[in-house]
$ cat work_15.cif   # mmCIF, C-alpha atoms and all ligand atoms
data_protein
#
loop_
_atom_site.label_atom_id
_atom_site.label_comp_id
_atom_site.auth_asym_id
_atom_site.auth_seq_id
_atom_site.Cartn_x
_atom_site.Cartn_y
_atom_site.Cartn_z
CA MET A 27 -4.25 -8.49 -8.17
CA SER A 28 -6.44 -9.33 -5.16
CA ALA A 29 -6.59 -7.18 -2.07
CA LYS A 30 -3.99 -7.72 0.63
CA ASN A 31 -4.75 -8.90 4.17
CA TRP A 32 -3.74 -5.98 6.36
CA PRO A 33 -2.65 -6.63 10.00
CA ASN A 34 -5.04 -5.55 12.74
CA TRP A 35 -2.51 -3.27 14.46
CA LEU A 36 -2.30 -1.03 11.36
CA PRO A 37 -4.86 1.77 11.62
CA LEU A 38 -5.38 1.89 7.86
CA ARG A 39 -8.45 3.78 6.64
CA GLN A 40 -11.20 1.19 6.14
CA ASP A 41 -12.08 2.44 2.68
CA LEU A 42 -8.48 1.88 1.51
CA ALA A 43 -8.23 -1.76 2.65
CA PRO A 44 -9.94 -3.31 -0.40
CA LEU A 45 -7.88 -1.29 -2.92
CA SER A 46 -4.83 -2.55 -4.82
CA PRO A 47 -1.93 -0.24 -5.71
CA TYR A 48 -1.48 0.88 -9.31
CA GLY A 49 0.71 -1.79 -10.79
CA ALA A 50 1.76 -2.11 -14.39
CA PRO A 51 4.24 -4.98 -13.95
CA GLN A 52 7.81 -3.63 -14.14
CA VAL A 53 9.58 -6.66 -15.57
CA PRO A 54 12.63 -6.52 -17.82
CA ALA A 55 11.88 -7.35 -21.47
CA GLU A 56 13.56 -6.85 -24.83
CA ALA A 57 10.55 -4.87 -26.04
CA THR A 58 8.80 -2.82 -23.34
CA LEU A 59 5.43 -1.93 -24.86
CA ASN A 60 3.21 -1.69 -21.78
CA THR A 61 2.99 1.86 -20.41
CA ASN A 62 2.43 4.04 -23.49
CA GLU A 63 5.79 5.77 -23.21
CA ASN A 64 7.48 7.29 -26.23
CA PRO A 65 10.25 4.82 -27.21
CA TYR A 66 12.63 7.54 -28.42
CA ALA A 67 15.10 8.86 -25.83
CA PRO A 68 16.17 12.53 -25.65
CA SER A 69 19.07 13.51 -27.91
CA PRO A 70 22.53 13.99 -26.35
CA ALA A 71 22.10 17.74 -27.03
CA LEU A 72 18.91 17.87 -24.98
CA ALA A 73 20.41 15.75 -22.20
CA LYS A 74 23.38 18.16 -22.10
CA ALA A 75 21.11 21.23 -22.01
CA ILE A 76 19.19 19.73 -19.07
CA ALA A 77 22.45 18.92 -17.29
CA ASP A 78 23.73 22.49 -17.81
CA ARG A 79 20.49 24.08 -16.58
CA THR A 80 20.12 21.79 -13.58
CA HIS A 81 23.76 22.47 -12.72
CA GLN A 82 22.88 26.17 -12.43
CA VAL A 83 19.84 25.30 -10.32
CA ALA A 84 21.90 22.95 -8.14
CA LEU A 85 24.02 25.89 -7.04
CA ASN A 86 20.85 27.27 -5.42
CA LEU A 87 19.34 24.13 -3.92
CA ASN A 88 19.54 25.56 -0.39
CA ARG A 89 16.57 27.71 -1.47
CA TYR A 90 12.97 26.61 -2.03
CA PRO A 91 11.77 26.62 -5.65
CA ASP A 92 9.42 29.22 -7.14
CA ARG A 93 6.24 28.04 -5.42
CA ASP A 94 4.09 29.19 -8.30
CA ALA A 95 6.37 27.94 -11.13
CA ILE A 96 5.65 31.14 -13.06
CA LEU A 97 8.30 30.73 -15.76
CA LEU A 98 7.29 27.15 -16.48
CA ARG A 99 3.55 27.93 -16.53
CA LYS A 100 4.19 30.83 -18.93
CA GLY A 101 6.15 28.44 -21.14
CA LEU A 102 3.33 25.89 -21.07
CA ALA A 103 0.79 28.60 -21.93
CA SER A 104 2.71 29.69 -25.01
CA PHE A 105 3.30 26.06 -26.00
CA ILE A 106 -0.46 25.43 -26.00
CA ASN A 107 -1.17 28.81 -27.61
CA ASN A 108 1.17 27.93 -30.49
CA LEU A 109 -0.34 24.49 -30.99
CA SER A 110 -4.00 25.48 -30.71
CA LYS A 111 -4.03 29.18 -31.73
CA THR A 112 -5.35 30.19 -28.30
CA THR A 113 -4.47 33.10 -25.97
CA PHE A 114 -4.05 31.54 -22.53
CA GLU A 115 -2.24 33.45 -19.81
CA VAL A 116 -0.22 32.09 -16.93
CA ASP A 117 -3.25 32.24 -14.58
CA GLN A 118 -5.02 29.65 -16.75
CA VAL A 119 -2.30 27.01 -16.44
CA TRP A 120 -1.41 24.81 -13.48
CA ALA A 121 1.53 22.39 -13.39
CA ALA A 122 2.35 19.44 -11.13
CA ASN A 123 4.36 16.23 -10.83
CA GLY A 124 2.66 14.37 -13.66
CA SER A 125 -0.96 14.68 -14.67
CA ASN A 126 -1.73 12.15 -11.94
CA GLU A 127 -1.00 14.86 -9.38
CA ILE A 128 -3.23 17.22 -11.36
CA ILE A 129 -6.03 14.65 -11.18
CA GLN A 130 -5.45 14.22 -7.43
CA SER A 131 -5.61 17.99 -6.90
CA LEU A 132 -8.89 18.18 -8.82
CA PHE A 133 -10.42 15.55 -6.52
CA MET A 134 -9.09 17.35 -3.45
CA ALA A 135 -10.53 20.67 -4.56
CA PHE A 136 -13.83 19.48 -6.04
CA GLY A 137 -14.49 16.23 -4.20
CA ASP A 138 -17.46 16.78 -1.92
CA ARG A 139 -19.90 15.67 -4.62
CA PRO A 140 -19.62 12.50 -6.75
CA ALA A 141 -17.35 12.03 -9.75
CA LEU A 142 -18.27 10.26 -12.99
CA GLY A 143 -16.26 8.59 -15.76
CA PHE A 144 -17.04 6.29 -18.67
CA THR A 145 -15.33 2.91 -18.45
CA PRO A 146 -13.26 1.29 -19.75
CA SER A 147 -11.06 4.32 -19.38
CA TYR A 148 -7.97 5.41 -17.46
CA SER A 149 -7.93 3.26 -14.31
CA MET A 150 -6.24 5.97 -12.23
CA HIS A 151 -9.27 8.29 -12.35
CA PRO A 152 -11.39 6.00 -10.09
CA LEU A 153 -8.37 4.86 -8.06
CA ILE A 154 -7.28 8.41 -7.16
CA ALA A 155 -10.91 9.30 -6.45
CA LYS A 156 -11.21 6.44 -3.97
CA VAL A 157 -7.91 7.30 -2.27
CA ILE A 158 -9.08 10.89 -1.80
CA GLY A 159 -12.45 9.61 -0.56
CA VAL A 160 -14.54 10.79 -3.50
CA ASN A 161 -17.65 8.83 -4.48
CA TRP A 162 -16.84 7.49 -7.97
CA ASN A 163 -19.49 6.45 -10.52
CA ASP A 164 -18.79 4.22 -13.53
CA GLY A 165 -20.82 5.24 -16.54
CA GLY A 166 -20.44 2.68 -19.31
CA ARG A 167 -19.59 2.76 -23.00
CA ARG A 168 -21.09 0.97 -25.98
CA THR A 169 -19.70 -2.51 -26.71
CA ASP A 170 -17.53 -0.99 -29.48
CA PHE A 171 -16.09 1.31 -26.74
CA SER A 172 -17.55 4.47 -28.26
CA LEU A 173 -19.19 6.96 -25.91
CA ASP A 174 -23.00 6.82 -25.78
CA LEU A 175 -23.56 10.58 -25.72
CA SER A 176 -27.22 10.66 -24.74
CA LYS A 177 -26.64 8.10 -21.96
CA ALA A 178 -23.63 10.11 -20.75
CA LYS A 179 -25.69 13.30 -20.68
CA SER A 180 -28.48 11.72 -18.71
CA GLU A 181 -26.00 10.25 -16.23
CA ILE A 182 -24.53 13.72 -15.66
CA SER A 183 -28.04 15.10 -15.09
CA THR A 184 -29.00 12.44 -12.54
CA ILE A 185 -25.69 11.93 -10.70
CA LYS A 186 -24.87 15.68 -10.68
CA PRO A 187 -21.11 15.06 -10.43
CA ALA A 188 -18.73 17.85 -9.46
CA LEU A 189 -16.24 16.22 -11.85
CA THR A 190 -17.02 14.31 -15.04
CA PHE A 191 -14.03 12.73 -16.80
CA ILE A 192 -13.68 12.29 -20.55
CA THR A 193 -10.43 10.80 -21.85
CA THR A 194 -9.79 11.46 -25.53
CA PRO A 195 -8.07 9.66 -27.17
CA ASN A 196 -9.27 7.22 -24.53
CA ASN A 197 -6.90 4.89 -22.70
CA PRO A 198 -7.02 1.85 -23.13
CA THR A 199 -9.25 1.94 -26.24
CA GLY A 200 -7.67 4.70 -28.38
CA THR A 201 -11.14 5.96 -29.32
CA THR A 202 -11.99 9.67 -29.46
CA VAL A 203 -14.79 12.07 -28.55
CA THR A 204 -15.47 15.01 -30.88
CA LEU A 205 -15.46 18.69 -29.88
CA ASP A 206 -19.20 18.84 -30.58
CA GLU A 207 -19.79 16.00 -28.13
CA ILE A 208 -17.51 17.65 -25.56
CA SER A 209 -19.48 20.90 -25.94
CA GLU A 210 -22.76 19.09 -25.29
CA LEU A 211 -21.32 17.38 -22.23
CA ALA A 212 -19.88 20.66 -20.91
CA ASP A 213 -23.32 22.24 -21.31
CA VAL A 214 -25.03 19.51 -19.30
CA ALA A 215 -22.28 19.56 -16.66
CA ALA A 216 -22.67 23.33 -16.31
CA LYS A 217 -26.39 22.87 -15.58
CA VAL A 218 -25.49 20.80 -12.48
CA ASN A 219 -22.60 23.13 -11.51
CA GLY A 220 -20.07 20.50 -12.51
CA LEU A 221 -16.70 20.60 -14.21
CA LEU A 222 -16.02 18.56 -17.35
CA VAL A 223 -12.43 17.29 -17.20
CA VAL A 224 -10.98 16.29 -20.56
CA ASP A 225 -7.88 14.16 -20.11
CA GLU A 226 -5.83 14.72 -23.28
CA ALA A 227 -2.76 12.66 -22.37
CA TYR A 228 -2.57 11.47 -26.01
CA ALA A 229 -3.87 14.56 -27.81
CA GLU A 230 -0.72 15.11 -29.87
CA PHE A 231 -1.25 11.73 -31.59
CA SER A 232 -4.82 12.54 -32.60
CA ASN A 233 -6.05 14.39 -35.68
CA LEU A 234 -8.89 15.98 -33.70
CA PRO A 235 -8.43 19.53 -32.35
CA SER A 236 -7.81 19.99 -28.62
CA ALA A 237 -10.67 20.84 -26.26
CA VAL A 238 -8.62 23.82 -25.03
CA THR A 239 -10.25 25.71 -27.91
CA LEU A 240 -13.60 25.42 -26.06
CA ILE A 241 -12.51 26.81 -22.68
CA ALA A 242 -13.28 30.43 -23.61
CA LYS A 243 -16.88 29.37 -24.21
CA TYR A 244 -17.18 26.83 -21.36
CA PRO A 245 -15.48 28.04 -18.16
CA ASN A 246 -16.39 24.70 -16.54
CA LEU A 247 -14.12 22.82 -18.98
CA VAL A 248 -10.74 21.64 -17.67
CA VAL A 249 -8.15 20.13 -20.03
CA ILE A 250 -5.34 17.95 -18.65
CA ARG A 251 -2.12 17.44 -20.62
CA THR A 252 1.17 15.72 -19.87
CA MET A 253 4.78 15.65 -21.00
CA SER A 254 4.84 11.86 -20.41
CA LYS A 255 3.56 10.50 -23.70
CA ALA A 256 4.01 12.29 -27.05
CA PHE A 257 6.43 14.70 -25.41
CA ALA A 258 8.79 11.81 -24.54
CA PHE A 259 9.54 13.12 -21.03
CA ALA A 260 7.83 10.60 -18.71
CA GLY A 261 10.78 10.32 -16.35
CA ALA A 262 10.72 14.02 -15.49
CA ARG A 263 7.09 13.86 -14.17
CA LEU A 264 5.37 16.95 -15.51
CA GLY A 265 1.65 17.29 -16.10
CA TYR A 266 -0.51 20.40 -16.37
CA LEU A 267 -4.02 21.67 -16.81
CA ILE A 268 -5.52 24.50 -18.84
CA ALA A 269 -8.70 26.01 -17.45
CA ASP A 270 -10.52 29.11 -16.32
CA PRO A 271 -8.50 31.22 -13.81
CA GLU A 272 -11.00 30.30 -11.06
CA VAL A 273 -10.16 26.61 -11.45
CA VAL A 274 -6.44 27.42 -11.26
CA ALA A 275 -7.05 29.58 -8.17
CA ALA A 276 -8.63 26.54 -6.49
CA MET A 277 -5.50 24.50 -7.24
CA PHE A 278 -3.52 26.90 -5.03
CA LEU A 279 -5.67 25.81 -2.06
CA VAL A 280 -4.84 22.13 -2.34
CA ARG A 281 -1.26 22.08 -3.63
CA LEU A 282 1.50 21.27 -1.18
CA PRO A 283 3.92 24.15 -0.67
CA TYR A 284 6.81 23.94 -3.16
CA HIS A 285 5.31 20.84 -4.79
CA LEU A 286 7.36 21.19 -8.00
CA SER A 287 11.09 20.98 -7.32
CA SER A 288 13.46 23.50 -8.90
CA LEU A 289 15.06 20.59 -10.77
CA THR A 290 11.75 19.50 -12.28
CA GLN A 291 10.85 23.06 -13.23
CA ALA A 292 14.24 23.59 -14.88
CA ALA A 293 14.16 20.31 -16.80
CA ALA A 294 10.65 21.00 -18.06
CA GLU A 295 11.60 24.54 -19.13
CA VAL A 296 14.48 23.13 -21.17
CA ALA A 297 12.18 20.48 -22.64
CA LEU A 298 9.83 23.22 -23.88
CA GLU A 299 12.79 24.88 -25.63
CA PHE A 300 13.38 21.53 -27.38
CA GLN A 301 9.71 20.97 -28.19
CA SER A 302 10.23 20.42 -31.91
CA GLU A 303 12.77 17.69 -31.19
CA LEU A 304 10.60 16.07 -28.52
CA LEU A 305 7.43 16.10 -30.61
CA GLY A 306 9.37 15.16 -33.73
CA THR A 307 8.68 11.46 -33.27
CA VAL A 308 4.90 11.77 -33.22
CA SER A 309 4.33 11.39 -36.96
CA SER A 310 6.61 8.38 -37.25
CA LEU A 311 4.84 6.74 -34.30
CA ILE A 312 1.52 7.31 -36.08
CA ASP A 313 2.97 5.70 -39.24
CA SER A 314 4.21 2.77 -37.18
CA ARG A 315 0.79 2.39 -35.60
CA LYS A 316 -0.74 2.03 -39.06
CA ILE A 317 1.82 -0.65 -39.97
CA VAL A 318 1.25 -2.60 -36.75
CA VAL A 319 -2.53 -2.43 -37.24
CA SER A 320 -2.31 -3.86 -40.75
CA GLU A 321 0.06 -6.62 -39.60
CA LEU A 322 -2.35 -7.59 -36.83
CA GLU A 323 -5.24 -7.65 -39.27
CA LYS A 324 -3.22 -9.95 -41.54
CA LEU A 325 -2.96 -12.28 -38.57
CA GLY A 326 -6.76 -12.33 -38.35
CA LEU A 327 -6.93 -10.08 -35.28
CA GLN A 328 -9.20 -7.04 -34.86
CA VAL A 329 -7.93 -3.66 -33.70
CA ILE A 330 -10.10 -0.94 -32.16
CA PRO A 331 -9.55 2.21 -34.30
CA SER A 332 -6.91 4.20 -32.37
CA GLN A 333 -5.85 7.85 -32.44
CA ALA A 334 -3.18 7.27 -29.80
CA ASN A 335 0.29 5.68 -29.54
CA PHE A 336 -1.17 2.33 -28.51
CA ILE A 337 -3.70 -0.15 -29.81
CA LEU A 338 -6.28 -2.39 -28.18
CA PHE A 339 -6.72 -5.66 -30.05
CA THR A 340 -8.90 -8.76 -29.87
CA GLY A 341 -9.72 -11.88 -31.88
CA PHE A 342 -7.31 -14.32 -30.23
CA SER A 343 -8.60 -17.56 -28.72
CA GLN A 344 -6.63 -17.73 -25.46
CA GLU A 345 -7.31 -15.77 -22.29
CA PRO A 346 -5.65 -12.30 -22.35
CA ALA A 347 -3.42 -13.29 -19.39
CA GLN A 348 -2.21 -16.35 -21.30
CA LEU A 349 -1.34 -14.50 -24.50
CA TRP A 350 0.30 -11.77 -22.37
CA ARG A 351 2.52 -14.46 -20.78
CA GLN A 352 3.30 -16.13 -24.14
CA LEU A 353 4.48 -12.76 -25.48
CA LEU A 354 6.56 -12.09 -22.38
CA ASP A 355 8.19 -15.52 -22.79
CA ARG A 356 9.31 -14.21 -26.20
CA GLY A 357 10.71 -10.99 -24.72
CA VAL A 358 7.73 -8.73 -25.44
CA LEU A 359 5.97 -6.96 -22.56
CA ILE A 360 2.52 -5.55 -23.37
CA ARG A 361 -0.46 -4.74 -21.12
CA ASP A 362 -3.33 -6.83 -19.85
CA VAL A 363 -5.75 -4.06 -18.95
CA GLY A 364 -8.25 -6.46 -17.38
CA LEU A 365 -10.68 -6.31 -20.30
CA LEU A 366 -12.33 -9.50 -21.50
CA ALA A 367 -10.65 -10.86 -24.68
CA HIS A 368 -8.51 -7.75 -25.28
CA LEU A 369 -4.88 -6.71 -24.83
CA ARG A 370 -3.19 -3.31 -25.23
CA MET A 371 0.12 -2.74 -26.94
CA THR A 372 2.14 0.50 -26.99
CA ILE A 373 3.71 1.41 -30.32
CA GLY A 374 7.48 1.15 -29.88
CA ASN A 375 10.40 1.72 -32.19
CA GLU A 376 10.60 -0.29 -35.41
CA ALA A 377 12.66 -3.14 -33.94
CA GLU A 378 10.28 -3.48 -30.97
CA ASN A 379 7.20 -3.47 -33.18
CA GLN A 380 8.74 -6.13 -35.43
CA LYS A 381 9.58 -8.22 -32.42
CA PHE A 382 5.99 -7.96 -31.22
CA ILE A 383 4.59 -8.97 -34.62
CA ALA A 384 7.05 -11.85 -34.98
CA ALA A 385 6.23 -13.14 -31.50
CA LEU A 386 2.48 -12.96 -32.20
CA GLN A 387 2.96 -14.75 -35.52
CA ASP A 388 4.92 -17.46 -33.76
CA ILE A 389 2.25 -17.92 -31.07
CA LEU A 390 -0.79 -17.82 -33.36
CA ASN A 391 0.74 -20.05 -36.08
CA GLY A 392 1.93 -22.53 -33.46
CA GLU A 393 -1.70 -22.91 -32.39
CA SER A 394 -3.19 -23.53 -35.79
CA GLN A 395 -0.79 -26.39 -36.49
C1 LIG B 1 -0.45 8.09 -18.93
C2 LIG B 1 -1.70 8.81 -18.60
C3 LIG B 1 -1.71 9.85 -17.68
C4 LIG B 1 -0.58 10.02 -16.69
O1 LIG B 1 0.35 10.78 -16.99
P1 LIG B 1 1.48 11.39 -16.04
O2 LIG B 1 1.51 12.78 -16.53
O3 LIG B 1 2.67 10.58 -16.38
O4 LIG B 1 1.07 11.30 -14.61
C5 LIG B 1 -2.87 10.57 -17.48
N1 LIG B 1 -3.99 10.27 -18.16
C6 LIG B 1 -4.02 9.26 -19.04
C7 LIG B 1 -5.29 8.96 -19.75
C8 LIG B 1 -2.88 8.49 -19.27
O5 LIG B 1 -2.95 7.45 -20.10
#

$ encode --input "work_15.cif" --output "structure tokens"
Amino acid sequence: MSAKNWPNWLPLRQDLAPLSPYGAPQVPAEATLNTNENPYAPSPALAKAIADRTHQVALNLNRYPDRDAILLRKGLASFINNLSKTTFEVDQVWAANGSNEIIQSLFMAFGDRPALGFTPSYSMHPLIAKVIGVNWNDGGRRTDFSLDLSKAKSEISTIKPALTFITTPNNPTGTTVTLDEISELADVAAKVNGLLVVDEAYAEFSNLPSAVTLIAKYPNLVVIRTMSKAFAFAGARLGYLIADPEVVAAMFLVRLPYHLSSLTQAAAEVALEFQSELLGTVSSLIDSRKIVVSELEKLGLQVIPSQANFILFTGFSQEPAQLWRQLLDRGVLIRDVGLLAHLRMTIGNEAENQKFIAALQDILNGESQ
């Protein structure tokens, strides 16, 4: 998408004019495999429980919500403590409308020095930085998309960022960074008084332990999680961070009053009560990922090793935009992430995955004839 021509009468900030809005195309398709959502909808029992709880809340909607979302943050703390055998308290958890709002708050609180990330990675990190007016630096990756640890460490030392972003499993590549590597990066970041932000949007799909286990040792480590992906709750908009209490205290400075509506808080509290149902699809999505990977390899394509609920693949002869369009013509919507020769596909339900494979087969075989 190229930048828009803004009219002269509009006093838009000059630094915003060249930007394009975030825009995964929202087009109807039979298989929607483009935004890394969980394909499995909540059960009728969960939908009913949310309706019952929000009905109670609705009777009080003349009142502002709990500004500090104490009940929800306690619930999130015990959720993480159960998963990772940690002992976080409510003052180490912050919640907001999606992890995107968490990321925005981090830039607002810690944005008077540069930020650094390692691309290709989550495109919203630099975009939110620019919107907030933070100086963003692109550190690179190796050509196989793995993180070059020594290069990353030296970039932290020279740029001295207030915020360094690591996404693991990384979006759009699915590749991971180990806890040992995260420890080394947190050490270097601490030397320049910087925070290391680990975006774990896909952590539940990975077999690596969460970086939350390192926070006790590295107070400058911030872990971001979301209910949008494995937790199958994207529509509710709930993201959170786990960090040292001082980081959470800074979030109070930049949050808007009553930022999390009572309805959102209630829905998320119910979702936590149904956590085993909501996370119950993770292992079958991982199995499906393995099947899709082997089917793609049979078609002569290469897949970057992924620990997430999506795969990045290459080895096709057409331009990514062309293959993307050919798939859409066959009812399958995946994602052109703007990377040379690569496309990203979210693992869907079995029927959607089959449809994707069949469409690819059709396109690639059609060419070789
Ligand atoms: C999807 C995604 C998010 C955004 O999640 P929300 O909680 O829905 O705002 C954050 N980080 C990464 C890396 C993602 O892929």

$ closest_residue --input "work_15.cif" --among "A:Ala275, A:Pro245, A:Trp35, A:Leu42" --to "Ile154 in chain A" --atoms "all atoms listed in the file"
A:Leu42

$ closest_atom_pairs --input "work_15.cif" --of "chain A" --to "ligand LIG 1 (chain B)" --cutoff "7 Å" --atoms "all atoms listed in the file" --output "Markdown table"
| residue | atom | partner | partner_atom | distance |
| --- | --- | --- | --- | --- |
| A:Asn62 | CA | B:LIG1 | C1 | 6.7 |
| A:Gly124 | CA | B:LIG1 | O2 | 3.5 |
| A:Ser125 | CA | B:LIG1 | O2 | 3.6 |
| A:Asn126 | CA | B:LIG1 | O4 | 4.0 |
| A:Glu127 | CA | B:LIG1 | O4 | 6.7 |
| A:Tyr148 | CA | B:LIG1 | C7 | 5.0 |
| A:Thr193 | CA | B:LIG1 | C7 | 5.8 |
| A:Asn196 | CA | B:LIG1 | C7 | 6.5 |
| A:Asn197 | CA | B:LIG1 | C7 | 5.3 |
| A:Asp225 | CA | B:LIG1 | C7 | 5.8 |
| A:Glu226 | CA | B:LIG1 | C7 | 6.8 |
| A:Ala227 | CA | B:LIG1 | C6 | 4.9 |
| A:Thr252 | CA | B:LIG1 | O2 | 4.5 |
| A:Met253 | CA | B:LIG1 | O2 | 6.2 |
| A:Ser254 | CA | B:LIG1 | O3 | 4.8 |
| A:Lys255 | CA | B:LIG1 | C1 | 6.7 |
| A:Ala260 | CA | B:LIG1 | O3 | 5.7 |
| A:Arg263 | CA | B:LIG1 | O3 | 5.9 |
| A:Leu264 | CA | B:LIG1 | O2 | 5.8 |
| A:Gly265 | CA | B:LIG1 | O2 | 4.5 |

$ atom_distance --input "work_15.cif" --atom1 "CA of Val329 in chain A" --atom2 "CA of Arg315 in chain A"
10.8 Å

$ residues_around --input "work_15.cif" --residues "range 83-100 of chain A" --least-positions-apart "4" --cutoff "9 Å" --atoms "all atoms listed in the file" --output "JSON, numbers by chain"
{"A": [78, 79, 104, 105, 115, 116, 117, 118, 119, 120, 121, 266, 278, 283, 284, 285, 286, 287, 288, 289, 291, 292, 294, 295, 298]}

$ residues_around --input "work_15.cif" --residues "Arg39 in chain A" --least-positions-apart "4" --cutoff "12 Å" --atoms "all atoms listed in the file" --output "ChimeraX atom specification"
/A:32,34,43-45,156-159

$ closest_residue --input "work_15.cif" --among "A:Thr58, A:Thr204, A:Gly49, A:Lys316" --to "Phe382 in chain A" --atoms "all atoms listed in the file"
A:Thr58

$ residues_around --input "work_15.cif" --residues "Ala269 in chain A" --least-positions-apart "2" --cutoff "9 Å" --atoms "all atoms listed in the file" --output "ChimeraX atom specification"
/A:114,117-120,238,241-242,245-250,267,271-274

$ residues_near_point --input "work_15.cif" --point "(-11.5, 9.2, -7.4)" --cutoff "12 Å" --atoms "only C-alpha atoms" --output "VMD selection string"
chain A and resid 42 45 126 129 to 143 148 to 164 187 to 191

$ atom_distance --input "work_15.cif" --atom1 "CA of Gln328 in chain A" --atom2 "CA of Ser236 in chain A"
27.8 Å

$ atom_distance --input "work_15.cif" --atom1 "CA of Leu359 in chain A" --atom2 "CA of Val53 in chain A"
7.9 Å

$ closest_atom_pairs --input "work_15.cif" --of "range 361-391 of chain A" --to "range 337-357 of chain A" --cutoff "9 Å" --atoms "all atoms listed in the file" --output "JSON lines"
{"residue": "A:Arg361", "atom": "CA", "partner": "A:Trp350", "partner_atom": "CA", "distance": 7.2}
{"residue": "A:Asp362", "atom": "CA", "partner": "A:Pro346", "partner_atom": "CA", "distance": 6.4}
{"residue": "A:Val363", "atom": "CA", "partner": "A:Pro346", "partner_atom": "CA", "distance": 8.9}
{"residue": "A:Gly364", "atom": "CA", "partner": "A:Pro346", "partner_atom": "CA", "distance": 8.1}
{"residue": "A:Leu365", "atom": "CA", "partner": "A:Pro346", "partner_atom": "CA", "distance": 8.1}
{"residue": "A:Leu366", "atom": "CA", "partner": "A:Pro346", "partner_atom": "CA", "distance": 7.3}
{"residue": "A:Ala367", "atom": "CA", "partner": "A:Pro346", "partner_atom": "CA", "distance": 5.7}
{"residue": "A:His368", "atom": "CA", "partner": "A:Thr340", "partner_atom": "CA", "distance": 4.7}
{"residue": "A:Leu369", "atom": "CA", "partner": "A:Phe339", "partner_atom": "CA", "distance": 5.6}
{"residue": "A:Arg370", "atom": "CA", "partner": "A:Leu338", "partner_atom": "CA", "distance": 4.4}
{"residue": "A:Met371", "atom": "CA", "partner": "A:Ile337", "partner_atom": "CA", "distance": 5.4}
{"residue": "A:Thr372", "atom": "CA", "partner": "A:Ile337", "partner_atom": "CA", "distance": 6.5}
{"residue": "A:Ile373", "atom": "CA", "partner": "A:Ile337", "partner_atom": "CA", "distance": 7.6}
{"residue": "A:Lys381", "atom": "CA", "partner": "A:Gly357", "partner_atom": "CA", "distance": 8.3}
{"residue": "A:Phe382", "atom": "CA", "partner": "A:Leu353", "partner_atom": "CA", "distance": 7.6}
{"residue": "A:Ala385", "atom": "CA", "partner": "A:Arg356", "partner_atom": "CA", "distance": 6.2}
{"residue": "A:Leu386", "atom": "CA", "partner": "A:Leu353", "partner_atom": "CA", "distance": 7.0}
{"residue": "A:Ile389", "atom": "CA", "partner": "A:Gln352", "partner_atom": "CA", "distance": 7.2}
{"residue": "A:Leu390", "atom": "CA", "partner": "A:Phe342", "partner_atom": "CA", "distance": 8.0}

$ write_last_selection --input "work_15.cif" --atoms "C-alpha atoms" --output "CSV table (one decimal), keeping the file's coordinate frame"
chain,number,residue,atom,x,y,z
A,361,ARG,CA,-0.5,-4.7,-21.1
A,362,ASP,CA,-3.3,-6.8,-19.8
A,363,VAL,CA,-5.8,-4.1,-19.0
A,364,GLY,CA,-8.2,-6.5,-17.4
A,365,LEU,CA,-10.7,-6.3,-20.3
A,366,LEU,CA,-12.3,-9.5,-21.5
A,367,ALA,CA,-10.6,-10.9,-24.7
A,368,HIS,CA,-8.5,-7.8,-25.3
A,369,LEU,CA,-4.9,-6.7,-24.8
A,370,ARG,CA,-3.2,-3.3,-25.2
A,371,MET,CA,0.1,-2.7,-26.9
A,372,THR,CA,2.1,0.5,-27.0
A,373,ILE,CA,3.7,1.4,-30.3
A,381,LYS,CA,9.6,-8.2,-32.4
A,382,PHE,CA,6.0,-8.0,-31.2
A,385,ALA,CA,6.2,-13.1,-31.5
A,386,LEU,CA,2.5,-13.0,-32.2
A,389,ILE,CA,2.2,-17.9,-31.1
A,390,LEU,CA,-0.8,-17.8,-33.4

$ closest_atom_pairs --input "work_15.cif" --of "range 145-185 of chain A" --to "range 209-220 of chain A" --cutoff "10 Å" --atoms "all atoms listed in the file" --output "Markdown table"
| residue | atom | partner | partner_atom | distance |
| --- | --- | --- | --- | --- |
| A:Leu175 | CA | A:Leu211 | CA | 8.0 |
| A:Ser176 | CA | A:Leu211 | CA | 9.3 |
| A:Ala178 | CA | A:Leu211 | CA | 7.8 |
| A:Lys179 | CA | A:Leu211 | CA | 6.2 |
| A:Ser180 | CA | A:Val214 | CA | 8.5 |
| A:Glu181 | CA | A:Val214 | CA | 9.8 |
| A:Ile182 | CA | A:Ala215 | CA | 6.3 |
| A:Ser183 | CA | A:Val218 | CA | 6.8 |
| A:Thr184 | CA | A:Val218 | CA | 9.1 |
| A:Ile185 | CA | A:Val218 | CA | 9.0 |

$ axis_aligned_box --input "work_15.cif" --around "range 227-234 of chain A" --padding-each-side "5 Å" --output "lines of an AutoDock Vina configuration file"
center_x = -4.8
center_y = 13.7
center_z = -29.0
size_x = 18.2
size_y = 14.5
size_z = 23.3

$ closest_residue --input "work_15.cif" --among "A:Gly101, A:Gly200, A:Gly261, A:Pro331" --to "Val296 in chain A" --atoms "all atoms listed in the file"
A:Gly101
